[in-house]
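As stored in work_36.cif (mmCIF, C-alpha atoms and all ligand atoms):
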data_data
#
loop_
_atom_site.label_atom_id
_atom_site.label_comp_id
_atom_site.auth_asym_id
_atom_site.auth_seq_id
_atom_site.Cartn_x
_atom_site.Cartn_y
_atom_site.Cartn_z
CA MET A 1 38.59 -27.34 -38.51
CA SER A 2 41.73 -25.46 -39.56
CA LEU A 3 41.10 -22.08 -41.18
CA ASN A 4 43.21 -20.44 -43.86
CA LYS A 5 43.16 -17.99 -46.76
CA SER A 6 40.92 -20.23 -48.83
CA SER A 7 38.38 -20.87 -46.07
CA LYS A 8 34.85 -20.02 -47.08
CA ILE A 9 33.03 -17.60 -44.82
CA GLY A 10 29.32 -17.39 -44.04
CA VAL A 11 27.68 -14.32 -42.50
CA ALA A 12 24.07 -14.32 -41.28
CA GLY A 13 22.54 -10.84 -41.02
CA ALA A 14 23.41 -8.24 -43.65
CA GLY A 15 22.95 -5.20 -41.39
CA THR A 16 25.65 -2.79 -40.19
CA MET A 17 27.88 -5.42 -38.59
CA GLY A 18 27.29 -8.34 -40.97
CA THR A 19 28.07 -6.15 -43.98
CA GLY A 20 31.25 -4.94 -42.28
CA ILE A 21 32.41 -8.47 -41.42
CA ALA A 22 31.72 -9.60 -45.01
CA GLN A 23 33.76 -6.64 -46.32
CA ILE A 24 36.75 -7.56 -44.13
CA ALA A 25 36.71 -11.25 -45.07
CA ALA A 26 36.39 -10.51 -48.80
CA THR A 27 39.19 -7.93 -48.55
CA PHE A 28 41.42 -10.70 -47.23
CA GLY A 29 40.59 -12.90 -50.21
CA HIS A 30 37.85 -15.14 -48.83
CA ASP A 31 34.70 -16.12 -50.63
CA VAL A 32 31.85 -14.83 -48.48
CA TYR A 33 28.20 -15.88 -48.38
CA LEU A 34 26.17 -13.04 -46.89
CA PHE A 35 22.63 -13.99 -45.92
CA ASP A 36 19.72 -11.97 -44.58
CA ALA A 37 16.16 -13.01 -43.76
CA TYR A 38 14.94 -9.91 -45.61
CA PRO A 39 15.92 -9.83 -49.33
CA GLU A 40 15.55 -6.03 -49.49
CA GLN A 41 18.23 -5.81 -46.78
CA LEU A 42 20.62 -7.65 -49.12
CA GLU A 43 20.07 -4.89 -51.68
CA THR A 44 20.69 -2.19 -49.06
CA SER A 45 23.81 -3.99 -47.88
CA LYS A 46 25.17 -4.29 -51.43
CA LYS A 47 24.55 -0.61 -52.15
CA SER A 48 26.17 0.52 -48.92
CA LEU A 49 29.21 -1.68 -49.60
CA GLU A 50 29.56 -0.28 -53.12
CA ASN A 51 29.39 3.27 -51.74
CA ILE A 52 31.96 2.55 -49.02
CA LEU A 53 34.36 0.89 -51.47
CA ASN A 54 33.92 3.54 -54.17
CA ARG A 55 34.88 6.18 -51.61
CA GLN A 56 38.09 4.21 -51.00
CA VAL A 57 38.86 4.49 -54.72
CA GLU A 58 38.09 8.25 -54.71
CA LYS A 59 40.48 8.69 -51.77
CA GLY A 60 43.15 6.73 -53.65
CA ARG A 61 43.28 4.01 -51.00
CA MET A 62 42.14 1.20 -53.29
CA SER A 63 42.14 0.50 -57.01
CA THR A 64 39.02 -0.23 -59.07
CA ASP A 65 40.36 -3.74 -59.62
CA GLU A 66 40.66 -4.31 -55.88
CA ILE A 67 37.10 -3.24 -55.13
CA GLU A 68 35.75 -5.27 -58.02
CA GLY A 69 37.60 -8.27 -56.61
CA ILE A 70 36.12 -7.69 -53.14
CA LEU A 71 32.59 -7.31 -54.49
CA SER A 72 32.91 -10.39 -56.71
CA ARG A 73 33.87 -12.48 -53.68
CA ILE A 74 30.75 -11.48 -51.70
CA HIS A 75 27.75 -13.60 -52.63
CA PHE A 76 24.50 -12.07 -51.43
CA VAL A 77 22.28 -15.05 -50.72
CA ASP A 78 18.68 -15.37 -49.62
CA HIS A 79 19.01 -18.91 -48.31
CA ILE A 80 21.29 -20.48 -45.72
CA LYS A 81 21.79 -23.60 -47.85
CA ASP A 82 24.78 -21.71 -49.25
CA PHE A 83 26.47 -22.09 -45.83
CA ALA A 84 26.91 -25.84 -46.50
CA GLY A 85 30.44 -25.35 -47.88
CA CYS A 86 31.54 -22.76 -45.30
CA ASP A 87 34.37 -23.24 -42.79
CA ILE A 88 33.13 -20.60 -40.36
CA VAL A 89 29.79 -18.80 -40.09
CA PHE A 90 29.37 -15.47 -38.26
CA GLU A 91 25.94 -14.68 -36.88
CA ALA A 92 25.20 -10.92 -36.85
CA ILE A 93 21.40 -10.77 -36.79
CA VAL A 94 19.20 -8.77 -34.37
CA GLU A 95 20.19 -8.75 -30.70
CA ASN A 96 17.43 -11.12 -29.61
CA LEU A 97 18.22 -14.39 -27.84
CA GLN A 98 15.40 -16.46 -29.31
CA ALA A 99 15.98 -15.17 -32.85
CA LYS A 100 19.69 -15.99 -32.55
CA LYS A 101 19.04 -19.47 -31.13
CA ASP A 102 16.51 -20.27 -33.86
CA GLN A 103 18.69 -19.00 -36.69
CA LEU A 104 21.81 -20.79 -35.38
CA ALA A 105 19.92 -24.08 -35.00
CA ARG A 106 18.83 -23.82 -38.65
CA ILE A 107 22.40 -23.04 -39.69
CA GLU A 108 23.80 -25.93 -37.60
CA ALA A 109 21.56 -28.36 -39.48
CA ILE A 110 23.17 -27.33 -42.78
CA ILE A 111 26.87 -26.74 -42.11
CA SER A 112 29.66 -29.33 -42.25
CA LYS A 113 30.87 -31.25 -39.19
CA THR A 114 34.00 -29.11 -38.92
CA CYS A 115 32.49 -25.67 -39.52
CA ILE A 116 32.94 -23.14 -36.66
CA LEU A 117 29.99 -21.02 -35.56
CA ALA A 118 30.39 -17.54 -34.08
CA SER A 119 28.10 -14.85 -32.73
CA ASN A 120 28.76 -11.11 -32.82
CA THR A 121 26.48 -10.45 -29.85
CA SER A 122 27.34 -7.45 -27.64
CA SER A 123 25.16 -8.19 -24.66
CA LEU A 124 23.90 -11.78 -24.63
CA SER A 125 25.91 -14.54 -22.99
CA ILE A 126 27.63 -17.04 -25.26
CA ALA A 127 26.36 -19.77 -22.92
CA SER A 128 22.72 -18.75 -23.43
CA ILE A 129 23.04 -18.63 -27.23
CA SER A 130 24.86 -22.00 -27.26
CA SER A 131 22.11 -23.75 -25.31
CA GLY A 132 20.11 -24.41 -28.49
CA LEU A 133 23.02 -26.01 -30.35
CA LYS A 134 23.74 -29.71 -30.78
CA LYS A 135 27.50 -29.10 -30.84
CA PRO A 136 28.26 -26.09 -28.62
CA VAL A 137 31.96 -27.12 -28.59
CA ARG A 138 32.44 -25.40 -31.96
CA PHE A 139 30.61 -22.19 -31.02
CA LEU A 140 32.09 -18.98 -29.59
CA GLY A 141 31.64 -15.22 -29.44
CA ILE A 142 33.59 -13.08 -31.91
CA HIS A 143 32.78 -9.47 -31.10
CA PHE A 144 33.66 -6.85 -33.72
CA PHE A 145 33.31 -3.13 -33.04
CA ASN A 146 31.49 -0.63 -35.21
CA PRO A 147 32.54 0.15 -37.94
CA ALA A 148 34.02 -3.35 -38.22
CA PRO A 149 36.38 -2.67 -41.16
CA VAL A 150 37.88 0.34 -39.31
CA MET A 151 38.02 -0.70 -35.65
CA LYS A 152 41.11 -2.77 -34.90
CA LEU A 153 39.79 -4.66 -31.89
CA VAL A 154 37.95 -7.99 -31.88
CA GLU A 155 37.00 -9.68 -28.61
CA ILE A 156 37.17 -13.49 -28.74
CA ILE A 157 34.85 -15.08 -26.20
CA PRO A 158 34.87 -18.85 -25.68
CA GLY A 159 31.70 -20.09 -24.01
CA ILE A 160 31.47 -22.63 -21.22
CA SER A 161 31.46 -25.52 -23.75
CA THR A 162 33.79 -24.16 -26.44
CA GLU A 163 36.77 -26.38 -27.27
CA SER A 164 40.11 -24.58 -27.09
CA GLU A 165 40.97 -25.80 -30.60
CA CYS A 166 37.95 -23.92 -31.94
CA THR A 167 38.97 -20.73 -30.08
CA ASN A 168 42.55 -20.97 -31.37
CA HIS A 169 41.53 -21.49 -34.98
CA ALA A 170 39.06 -18.62 -34.89
CA ARG A 171 41.52 -16.28 -33.18
CA ARG A 172 44.25 -17.06 -35.70
CA LEU A 173 41.88 -16.35 -38.60
CA ILE A 174 40.77 -12.98 -37.18
CA SER A 175 44.39 -12.01 -36.44
CA SER A 176 45.25 -12.80 -40.08
CA TRP A 177 42.71 -10.09 -41.00
CA ASN A 178 44.99 -7.51 -39.42
CA LYS A 179 42.88 -7.25 -36.26
CA ILE A 180 44.00 -7.06 -32.65
CA THR A 181 42.34 -9.93 -30.83
CA VAL A 182 41.81 -10.13 -27.09
CA LEU A 183 40.50 -13.10 -25.17
CA ALA A 184 37.58 -12.39 -22.82
CA LYS A 185 35.58 -14.46 -20.37
CA ASP A 186 31.87 -14.94 -21.10
CA THR A 187 30.68 -12.28 -18.61
CA PRO A 188 28.39 -9.24 -19.14
CA GLY A 189 29.89 -6.62 -21.45
CA PHE A 190 32.98 -8.82 -22.07
CA ILE A 191 35.93 -6.39 -21.68
CA VAL A 192 35.16 -3.09 -23.41
CA ASN A 193 31.48 -2.70 -22.62
CA ARG A 194 32.15 -3.54 -18.98
CA VAL A 195 35.28 -1.49 -18.31
CA ALA A 196 33.97 1.57 -20.20
CA ARG A 197 30.81 1.96 -18.07
CA PRO A 198 32.21 4.71 -15.76
CA PHE A 199 33.16 6.84 -18.77
CA TYR A 200 29.43 7.43 -19.17
CA GLY A 201 28.14 6.62 -15.68
CA GLU A 202 30.52 8.77 -13.64
CA ALA A 203 30.24 11.64 -16.15
CA LEU A 204 26.45 11.51 -15.80
CA ARG A 205 26.73 11.39 -12.02
CA ILE A 206 28.98 14.51 -11.98
CA TYR A 207 26.47 16.23 -14.27
CA GLU A 208 23.49 15.21 -12.14
CA GLU A 209 25.17 16.50 -8.98
CA GLY A 210 25.57 19.85 -10.73
CA ILE A 211 29.36 19.88 -10.35
CA ALA A 212 29.72 20.85 -14.01
CA ASN A 213 27.69 21.07 -17.19
CA HIS A 214 28.07 18.50 -19.99
CA ALA A 215 30.25 20.77 -22.14
CA THR A 216 32.73 21.29 -19.28
CA ILE A 217 32.95 17.55 -18.58
CA ASP A 218 33.57 16.85 -22.28
CA TRP A 219 36.23 19.58 -22.40
CA ALA A 220 38.01 18.12 -19.35
CA LEU A 221 38.13 14.61 -20.78
CA LYS A 222 39.24 15.72 -24.23
CA VAL A 223 41.61 18.59 -23.58
CA LEU A 224 43.03 17.58 -20.21
CA GLY A 225 42.65 13.79 -20.58
CA GLY A 226 43.43 13.27 -24.27
CA PHE A 227 40.26 11.29 -25.01
CA LYS A 228 39.12 11.66 -28.63
CA MET A 229 35.53 12.40 -27.63
CA GLY A 230 33.88 13.53 -24.42
CA PRO A 231 31.32 11.23 -22.77
CA PHE A 232 28.34 13.43 -23.65
CA GLU A 233 29.35 13.85 -27.29
CA LEU A 234 29.90 10.11 -27.48
CA MET A 235 26.55 9.23 -25.87
CA ASP A 236 24.85 11.68 -28.28
CA LEU A 237 26.56 9.86 -31.14
CA ILE A 238 25.81 6.31 -29.96
CA GLY A 239 22.21 7.31 -29.22
CA HIS A 240 20.83 7.54 -25.69
CA ASP A 241 18.33 4.74 -26.36
CA VAL A 242 21.20 2.35 -27.24
CA ASN A 243 23.58 3.57 -24.51
CA TYR A 244 20.87 3.51 -21.83
CA ALA A 245 19.77 -0.01 -22.84
CA VAL A 246 23.35 -1.30 -22.60
CA THR A 247 23.80 0.35 -19.17
CA GLU A 248 20.54 -1.10 -17.92
CA SER A 249 21.40 -4.58 -19.20
CA VAL A 250 24.88 -4.51 -17.63
CA PHE A 251 23.36 -3.23 -14.33
CA LYS A 252 20.84 -6.09 -14.27
CA ALA A 253 23.42 -8.66 -15.36
CA PHE A 254 25.64 -7.63 -12.42
CA TYR A 255 22.77 -8.20 -9.98
CA TYR A 256 22.24 -4.46 -9.49
CA ASP A 257 25.77 -3.60 -8.42
CA PRO A 258 25.70 0.18 -7.73
CA ARG A 259 28.89 0.62 -9.78
CA PHE A 260 26.77 0.19 -12.90
CA LYS A 261 23.66 2.15 -11.89
CA PRO A 262 21.94 3.87 -14.84
CA SER A 263 21.19 7.60 -14.70
CA PHE A 264 17.86 9.41 -14.49
CA ALA A 265 19.19 12.24 -16.64
CA GLN A 266 19.81 9.82 -19.47
CA LYS A 267 16.51 8.01 -18.94
CA ARG A 268 14.64 11.31 -19.23
CA LEU A 269 16.37 12.07 -22.52
CA VAL A 270 15.24 8.69 -23.87
CA GLU A 271 11.69 9.22 -22.61
CA ALA A 272 11.56 12.64 -24.25
CA GLY A 273 12.86 11.26 -27.55
CA ARG A 274 16.06 13.34 -27.29
CA LEU A 275 18.18 10.45 -28.52
CA GLY A 276 21.22 12.46 -29.57
CA LYS A 277 22.62 13.31 -32.98
CA LYS A 278 20.18 11.04 -34.84
CA SER A 279 17.15 12.90 -33.45
CA GLY A 280 18.73 16.37 -33.72
CA ILE A 281 19.08 16.88 -29.99
CA GLY A 282 20.51 15.05 -26.99
CA PHE A 283 22.76 16.80 -24.49
CA TYR A 284 23.86 18.99 -27.38
CA ASP A 285 21.53 20.62 -29.87
CA TYR A 286 22.45 19.71 -33.46
CA ARG A 287 19.68 21.68 -35.12
CA GLU A 288 20.22 24.79 -37.19
CA HIS A 289 20.75 28.01 -35.17
CA ALA A 290 21.16 25.98 -31.98
CA ASN A 291 22.54 27.78 -28.97
CA ASN A 292 24.80 25.31 -27.17
CA THR A 293 26.19 25.59 -23.64
CA GLU A 294 29.84 26.65 -23.46
CA PRO A 295 32.37 24.80 -21.30
CA HIS A 296 33.66 26.47 -18.15
CA LEU A 297 37.42 26.44 -18.77
CA ASP A 298 38.59 26.07 -15.18
CA GLU A 299 41.62 23.74 -15.01
CA THR A 300 41.23 22.91 -11.33
CA LEU A 301 37.63 21.86 -11.87
CA GLY A 302 38.58 20.09 -15.12
CA ASN A 303 41.29 18.03 -13.42
CA GLU A 304 38.95 17.12 -10.58
CA ILE A 305 36.43 15.82 -13.16
CA LEU A 306 39.06 13.99 -15.20
CA ASN A 307 40.64 12.34 -12.15
CA ARG A 308 37.30 11.18 -10.80
CA ILE A 309 36.25 9.52 -14.07
CA LEU A 310 39.73 8.13 -14.66
CA VAL A 311 40.09 6.46 -11.25
CA MET A 312 36.64 4.92 -11.67
CA LEU A 313 37.70 3.55 -15.08
CA ILE A 314 40.96 2.22 -13.63
CA ASN A 315 39.04 0.57 -10.77
CA GLU A 316 36.87 -1.20 -13.37
CA ALA A 317 39.93 -2.29 -15.39
CA ALA A 318 41.49 -3.64 -12.17
CA ASP A 319 38.27 -5.51 -11.46
CA ALA A 320 38.30 -7.13 -14.93
CA LEU A 321 41.81 -8.34 -14.17
CA PHE A 322 40.96 -9.38 -10.61
CA MET A 323 37.98 -11.42 -11.85
CA ASN A 324 40.05 -13.11 -14.58
CA ILE A 325 38.01 -11.60 -17.41
CA ALA A 326 41.21 -10.96 -19.36
CA THR A 327 44.97 -10.47 -18.97
CA VAL A 328 46.61 -7.11 -18.12
CA GLU A 329 47.77 -6.78 -21.73
CA ASP A 330 44.36 -7.60 -23.18
CA VAL A 331 42.48 -5.23 -20.86
CA ASP A 332 44.74 -2.38 -22.02
CA LEU A 333 44.65 -3.36 -25.70
CA ALA A 334 40.86 -3.62 -25.57
CA MET A 335 40.38 -0.05 -24.33
CA LYS A 336 42.98 1.43 -26.68
CA HIS A 337 41.63 -0.27 -29.80
CA GLY A 338 37.94 -0.90 -28.99
CA VAL A 339 37.13 2.63 -27.78
CA ASN A 340 40.31 4.52 -28.76
CA TYR A 341 41.40 5.51 -25.26
CA PRO A 342 44.67 7.48 -25.32
CA LYS A 343 46.35 4.94 -23.04
CA GLY A 344 45.61 1.54 -21.58
CA LEU A 345 43.92 2.06 -18.21
CA LEU A 346 46.30 -0.20 -16.27
CA GLU A 347 49.27 1.43 -17.97
CA TRP A 348 47.75 4.76 -16.89
CA ALA A 349 47.32 3.43 -13.34
CA ASP A 350 51.04 2.52 -13.28
CA GLU A 351 51.97 6.01 -14.44
CA LEU A 352 49.81 7.71 -11.84
CA GLY A 353 50.77 5.17 -9.20
CA PRO A 354 48.32 2.59 -7.79
CA ASN A 355 48.71 4.34 -4.43
CA TRP A 356 47.44 7.65 -5.78
CA VAL A 357 44.53 5.95 -7.62
CA LEU A 358 43.57 4.17 -4.41
CA SER A 359 43.65 7.34 -2.31
CA GLU A 360 41.42 9.17 -4.83
CA LEU A 361 38.89 6.33 -4.68
CA GLU A 362 39.02 6.21 -0.90
CA THR A 363 38.33 9.96 -0.77
CA LEU A 364 35.26 9.45 -2.97
CA GLN A 365 34.11 6.48 -0.92
CA ASP A 366 34.55 8.40 2.37
CA TYR A 367 32.65 11.39 1.04
CA TYR A 368 29.73 9.54 -0.53
CA GLY A 369 29.65 6.47 1.70
CA GLU A 370 28.52 4.51 -1.34
CA ASP A 371 29.54 1.02 -2.39
CA ARG A 372 29.84 2.37 -5.93
CA TYR A 373 33.26 3.81 -5.04
CA ARG A 374 34.72 0.75 -3.29
CA PRO A 375 38.31 0.20 -4.40
CA ASN A 376 39.07 -3.13 -6.02
CA PRO A 377 41.06 -5.57 -3.83
CA LEU A 378 43.74 -5.98 -6.49
CA LEU A 379 44.29 -2.22 -6.65
CA LYS A 380 44.52 -2.14 -2.85
CA GLN A 381 47.08 -4.94 -2.86
CA LYS A 382 49.21 -3.25 -5.56
CA ALA A 383 49.14 0.02 -3.63
CA LYS A 384 49.98 -1.65 -0.32
CA ASP A 385 52.86 -3.71 -1.73
CA GLY A 386 54.22 -0.91 -3.95
CA GLU A 387 53.58 -3.01 -7.04
CA TYR A 388 52.42 -2.10 -10.54
CA PHE A 389 49.97 -3.77 -12.93
CA HIS A 390 52.55 -4.18 -15.70
CA GLU A 391 55.74 -5.92 -14.75
CA LYS A 392 58.15 -3.64 -16.60
CA ARG A 393 58.87 -1.37 -13.62
N1 LIG B 1 25.84 -1.85 -34.25
C1 LIG B 1 26.83 -1.96 -33.40
O1 LIG B 1 27.44 -0.97 -32.99
C2 LIG B 1 27.25 -3.31 -32.92
C3 LIG B 1 28.57 -3.48 -32.44
C4 LIG B 1 28.98 -4.76 -32.04
C5 LIG B 1 28.10 -5.81 -32.07
N2 LIG B 1 26.80 -5.61 -32.52
C6 LIG B 1 25.92 -6.79 -32.55
O2 LIG B 1 25.89 -7.27 -33.90
C7 LIG B 1 24.60 -7.82 -34.18
C8 LIG B 1 23.99 -7.11 -35.37
O3 LIG B 1 23.88 -5.74 -35.09
P1 LIG B 1 23.69 -4.64 -36.24
O4 LIG B 1 23.97 -3.33 -35.62
O5 LIG B 1 24.43 -5.05 -37.45
O6 LIG B 1 22.13 -4.76 -36.49
P2 LIG B 1 21.30 -4.38 -37.80
O7 LIG B 1 19.92 -4.12 -37.34
O8 LIG B 1 22.00 -3.34 -38.60
O9 LIG B 1 21.34 -5.74 -38.66
C9 LIG B 1 20.67 -6.91 -38.29
C10 LIG B 1 20.30 -7.64 -39.57
O10 LIG B 1 19.80 -8.92 -39.24
C11 LIG B 1 18.71 -9.20 -40.10
N3 LIG B 1 17.90 -10.21 -39.46
C12 LIG B 1 17.01 -10.08 -38.48
N4 LIG B 1 16.54 -11.29 -38.08
C13 LIG B 1 17.16 -12.20 -38.86
C14 LIG B 1 17.12 -13.59 -38.94
N5 LIG B 1 16.35 -14.32 -38.14
N6 LIG B 1 17.93 -14.20 -39.85
C15 LIG B 1 18.74 -13.49 -40.66
N7 LIG B 1 18.81 -12.14 -40.63
C16 LIG B 1 18.04 -11.51 -39.73
C17 LIG B 1 18.02 -7.88 -40.32
O11 LIG B 1 17.28 -7.87 -41.52
C18 LIG B 1 19.22 -6.93 -40.38
O12 LIG B 1 19.69 -6.78 -41.70
C19 LIG B 1 23.80 -7.71 -32.89
O13 LIG B 1 23.95 -8.88 -32.17
C20 LIG B 1 24.49 -6.55 -32.17
O14 LIG B 1 24.31 -6.60 -30.78
C21 LIG B 1 26.39 -4.41 -32.95
#

Written as structure tokens, how would this file's structure read?
Amino acid sequence: MSLNKSSKIGVAGAGTMGTGIAQIAATFGHDVYLFDAYPEQLETSKKSLENILNRQVEKGRMSTDEIEGILSRIHFVDHIKDFAGCDIVFEAIVENLQAKKDQLARIEAIISKTCILASNTSSLSIASISSGLKKPVRFLGIHFFNPAPVMKLVEIIPGISTESECTNHARRLISSWNKITVLAKDTPGFIVNRVARPFYGEALRIYEEGIANHATIDWALKVLGGFKMGPFELMDLIGHDVNYAVTESVFKAFYYDPRFKPSFAQKRLVEAGRLGKKSGIGFYDYREHANNTEPHLDETLGNEILNRILVMLINEAADALFMNIATVEDVDLAMKHGVNYPKGLLEWADELGPNWVLSELETLQDYYGEDRYRPNPLLKQKAKDGEYFHEKR
């Protein structure tokens, strides 16, 4: 089962993510077999890869020889029989449980006894996908972020049946591709898509209450908080249809915990077809001659907004730790490298002081009387005992 530089890689699904994974593996010298159920998608994938790689040459980051080498190692195939000689196969097809189960069962019938199988799913459980496999011990989640060749983080998610040997081999391979790997439990949203919910959810709540407009909230998070993008800009970029669907699925998966409640403001945007940048308008208007709302540059208000979103994010990071989803180090690495946060949230909590974070949350909980703001027990314990999340202090 051991994986090394000469391991052959299979990728099923030549869309955005599959193409990116194939590019990474070929860059690191592997022969890659990239399959798609739709032959025209293979053409699209090949063209997009050529464009991406040619741009690297134009920018002086790669030589023509290097990109030719990468392209020659990617075999665009219209049949999974080519997976027979592969050592690991990544599934990156549509996010549909039945489609994934069917495709993986067909792949399992072809691959060798020692080949590892992985899924790039963002929202389905590894357990549910594995239920159709004969040998779920060699199956796990390997979650890349978009764009895969650029984003450093990869979440490694063993399922309920995955053998630790399989997890270790897969993790070592991905690390050898210059990625930062974190280990996550098979729970909704894994680390990043769970812990990041308040970045959107609390921002939307502040907006809905009329405390500030979207431009002011974005300004507070970027200028006062150091985040690369504000929540509204980011939701406009991701697309409200996609972001709302993820929020709704996490909310359902957590048995309707009010911490993850979706927002009406966002639902209305989706219903109206205002999906964000891709449709020309979301919270911001991207059309020509658009007249966009200006932020209200009030530092007191800005800090109030930043602190409220930040303590909600920290509470979620503490919960991921409390529920054994990942280690302190991995929770922080995940947010820094999966969504480019300026600091790890638990590192941030230590800087601000768990006591201060707790008192901010308690103020919110007192005021609203909502379960949404309940402080995590681990945060409470750290505050009470004067402890920190990281041991260094
Ligand atoms: N796009 C993202 O930001 C992102 C990030 C992380 C994970 N993911 C996950 O990665 C997976 C792929 O997402 P994507 O954004 O690349 O989607 P995509 O729509 O760009 O690509 C999916 C590809 O799968 C192909 N396909 C569909 N059914 C197939 C089948 N039965 N067999 C083989 N190929 C099939 C399609 O032709 C398409 O080329 C999903 O599970 C998604 O949740 C996506």

Checklist line | Among the residues A:His296, A:Arg106, A:Lys382, A:Lys343, the one that comes closest to ligand LIG 1 (chain B) [using all atoms listed in the file] | finding: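 Closest to ligand LIG 1 (chain B), using all atoms listed in the file: A:Arg106.
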
Report as a Markdown table the residues of chain A within 7 Å of ligand LIG 1 (chain B), each with its shortest atom pair and distance in Å (one decimal), using only C-alpha atoms and all ligand atoms, ordered by chain and increasing residue number.
| residue | atom | partner | partner_atom | distance |
| --- | --- | --- | --- | --- |
| A:Ala12 | CA | B:LIG1 | C15 | 5.4 |
| A:Gly13 | CA | B:LIG1 | O10 | 3.8 |
| A:Ala14 | CA | B:LIG1 | O12 | 4.4 |
| A:Gly15 | CA | B:LIG1 | O9 | 3.2 |
| A:Thr16 | CA | B:LIG1 | O5 | 3.8 |
| A:Met17 | CA | B:LIG1 | O5 | 3.7 |
| A:Gly18 | CA | B:LIG1 | O5 | 5.6 |
| A:Phe35 | CA | B:LIG1 | C15 | 6.6 |
| A:Asp36 | CA | B:LIG1 | N7 | 4.1 |
| A:Ala37 | CA | B:LIG1 | C15 | 4.1 |
| A:Tyr38 | CA | B:LIG1 | O11 | 5.1 |
| A:Gln41 | CA | B:LIG1 | O12 | 5.4 |
| A:Ala92 | CA | B:LIG1 | C7 | 4.1 |
| A:Ile93 | CA | B:LIG1 | O10 | 3.5 |
| A:Val94 | CA | B:LIG1 | C9 | 4.6 |
| A:Glu95 | CA | B:LIG1 | O13 | 4.0 |
| A:Ala99 | CA | B:LIG1 | N5 | 5.4 |
| A:Lys100 | CA | B:LIG1 | N5 | 6.7 |
| A:Gln103 | CA | B:LIG1 | N5 | 5.4 |
| A:Asn120 | CA | B:LIG1 | O2 | 4.9 |
| A:Thr121 | CA | B:LIG1 | O13 | 3.8 |
| A:Ser122 | CA | B:LIG1 | O14 | 4.4 |
| A:Ser123 | CA | B:LIG1 | O14 | 6.4 |
| A:His143 | CA | B:LIG1 | C5 | 6.0 |
| A:Phe144 | CA | B:LIG1 | C4 | 5.4 |
| A:Phe145 | CA | B:LIG1 | C4 | 4.7 |
| A:Asn146 | CA | B:LIG1 | O1 | 4.6 |

Notebook entry, point to check: Which is closer to Thr300 in chain A than all the others in A:Thr216, A:Ser119, A:Ser7, A:Ser128, using all atoms listed in the file?
Noted result: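 For Thr300 in chain A, the nearest of the candidates is A:Thr216.
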
Notebook entry, point to check: Got a sec: who's within 8 Å of Ala22 in chain A, counting all atoms listed in the file, leaving out chain neighbours fewer than 5 positions off, as a count of residues only?
Noted result: 5

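In this comparison, which uses only C-alpha atoms, the residue of A:Leu364, A:Leu358, A:Ile217, A:Val182 approaching Lys152 in chain A most closely is A:Val182.
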
Notebook entry, point to check: So how many Å separate CA of Asp366 in chain A and CA of Ile314 in chain A, to one decimal?
Noted result: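 CA of Asp366 in chain A sits 18.3 Å away from CA of Ile314 in chain A.
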
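With all atoms listed in the file as the basis for measurement, A:Ile70 is the residue among A:Thr64, A:Ser48, A:Ile70, A:Ala383 that approaches Gln23 in chain A most closely.
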
Check: What separation in Å, quoted to one decimal, exists between CA of Leu345 in chain A and CA of Lys277 in chain A?
Finding: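 These atoms are spaced 28.3 Å apart.
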
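Residue nearest Pro188 in chain A, chosen from A:Ala320, A:Arg372, A:Gly210, A:Ala148 and counting only C-alpha atoms: A:Ala320.
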
Find the axis-aligned box for range 306-309 of chain A, covering all its listed atoms and adding 3 Å on each side, and write its centre and edge lengths in Å to one decimal as AutoDock Vina command-line options.
--center_x 38.4 --center_y 11.8 --center_z -13.0 --size_x 10.4 --size_y 10.5 --size_z 10.4

Item checked: Contacts of Leu49 in chain A at 9 Å (only C-alpha atoms; same-chain gap of 6+ positions) as a list in words ->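 Near neighbours after the sequence-gap exclusion: Thr19, Gly20, Gln23 and Leu71 of chain A.
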
How close does range 172-247 of chain A get to range 307-310 of chain A? List, as JSON lines, each residue of range 172-247 of chain A within 9 Å, its nearest atom pair and the distance in Å to one decimal, counting only C-alpha atoms.
{"residue": "A:Pro198", "atom": "CA", "partner": "A:Ile309", "partner_atom": "CA", "distance": 6.5}
{"residue": "A:Phe199", "atom": "CA", "partner": "A:Ile309", "partner_atom": "CA", "distance": 6.2}
{"residue": "A:Tyr200", "atom": "CA", "partner": "A:Ile309", "partner_atom": "CA", "distance": 8.8}
{"residue": "A:Gly201", "atom": "CA", "partner": "A:Ile309", "partner_atom": "CA", "distance": 8.8}
{"residue": "A:Glu202", "atom": "CA", "partner": "A:Ile309", "partner_atom": "CA", "distance": 5.8}
{"residue": "A:Ala203", "atom": "CA", "partner": "A:Ile309", "partner_atom": "CA", "distance": 6.7}
{"residue": "A:Leu221", "atom": "CA", "partner": "A:Ile309", "partner_atom": "CA", "distance": 8.6}
{"residue": "A:Gly225", "atom": "CA", "partner": "A:Leu310", "partner_atom": "CA", "distance": 8.7}

Item checked: Å distance separating CA of His79 in chain A from CA of Leu133 in chain A, one decimal place ->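 Taking CA of His79 in chain A and CA of Leu133 in chain A, their separation equals 19.7 Å.
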
Checklist line | Counting all atoms listed in the file, the option among A:Ile21, A:Ala215, A:Leu117, A:Leu275 closest to Thr293 in chain A | finding: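 Of A:Ile21, A:Ala215, A:Leu117, A:Leu275, the one nearest Thr293 in chain A is A:Ala215, counting all atoms listed in the file.
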
Next item on the list: Would you mind listing what lies within 8 Å of Ser263 in chain A as a list in words, with all atoms listed in the file counted and same-chain residues fewer than 2 positions away left out?
Entry: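 Final neighbour list, sorted by chain and number: Gly201, Leu204, Arg205, Lys261, Ala265, Gln266 and Lys267 of chain A.
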
Notebook entry, point to check: What lies within 9 Å of Gly239 in chain A using only C-alpha atoms, ignoring chain neighbours under 4 positions off, as JSON, numbers by chain?
Noted result: {"A": [234, 235, 243, 244, 270, 274, 275, 276, 277, 278, 279, 282]}
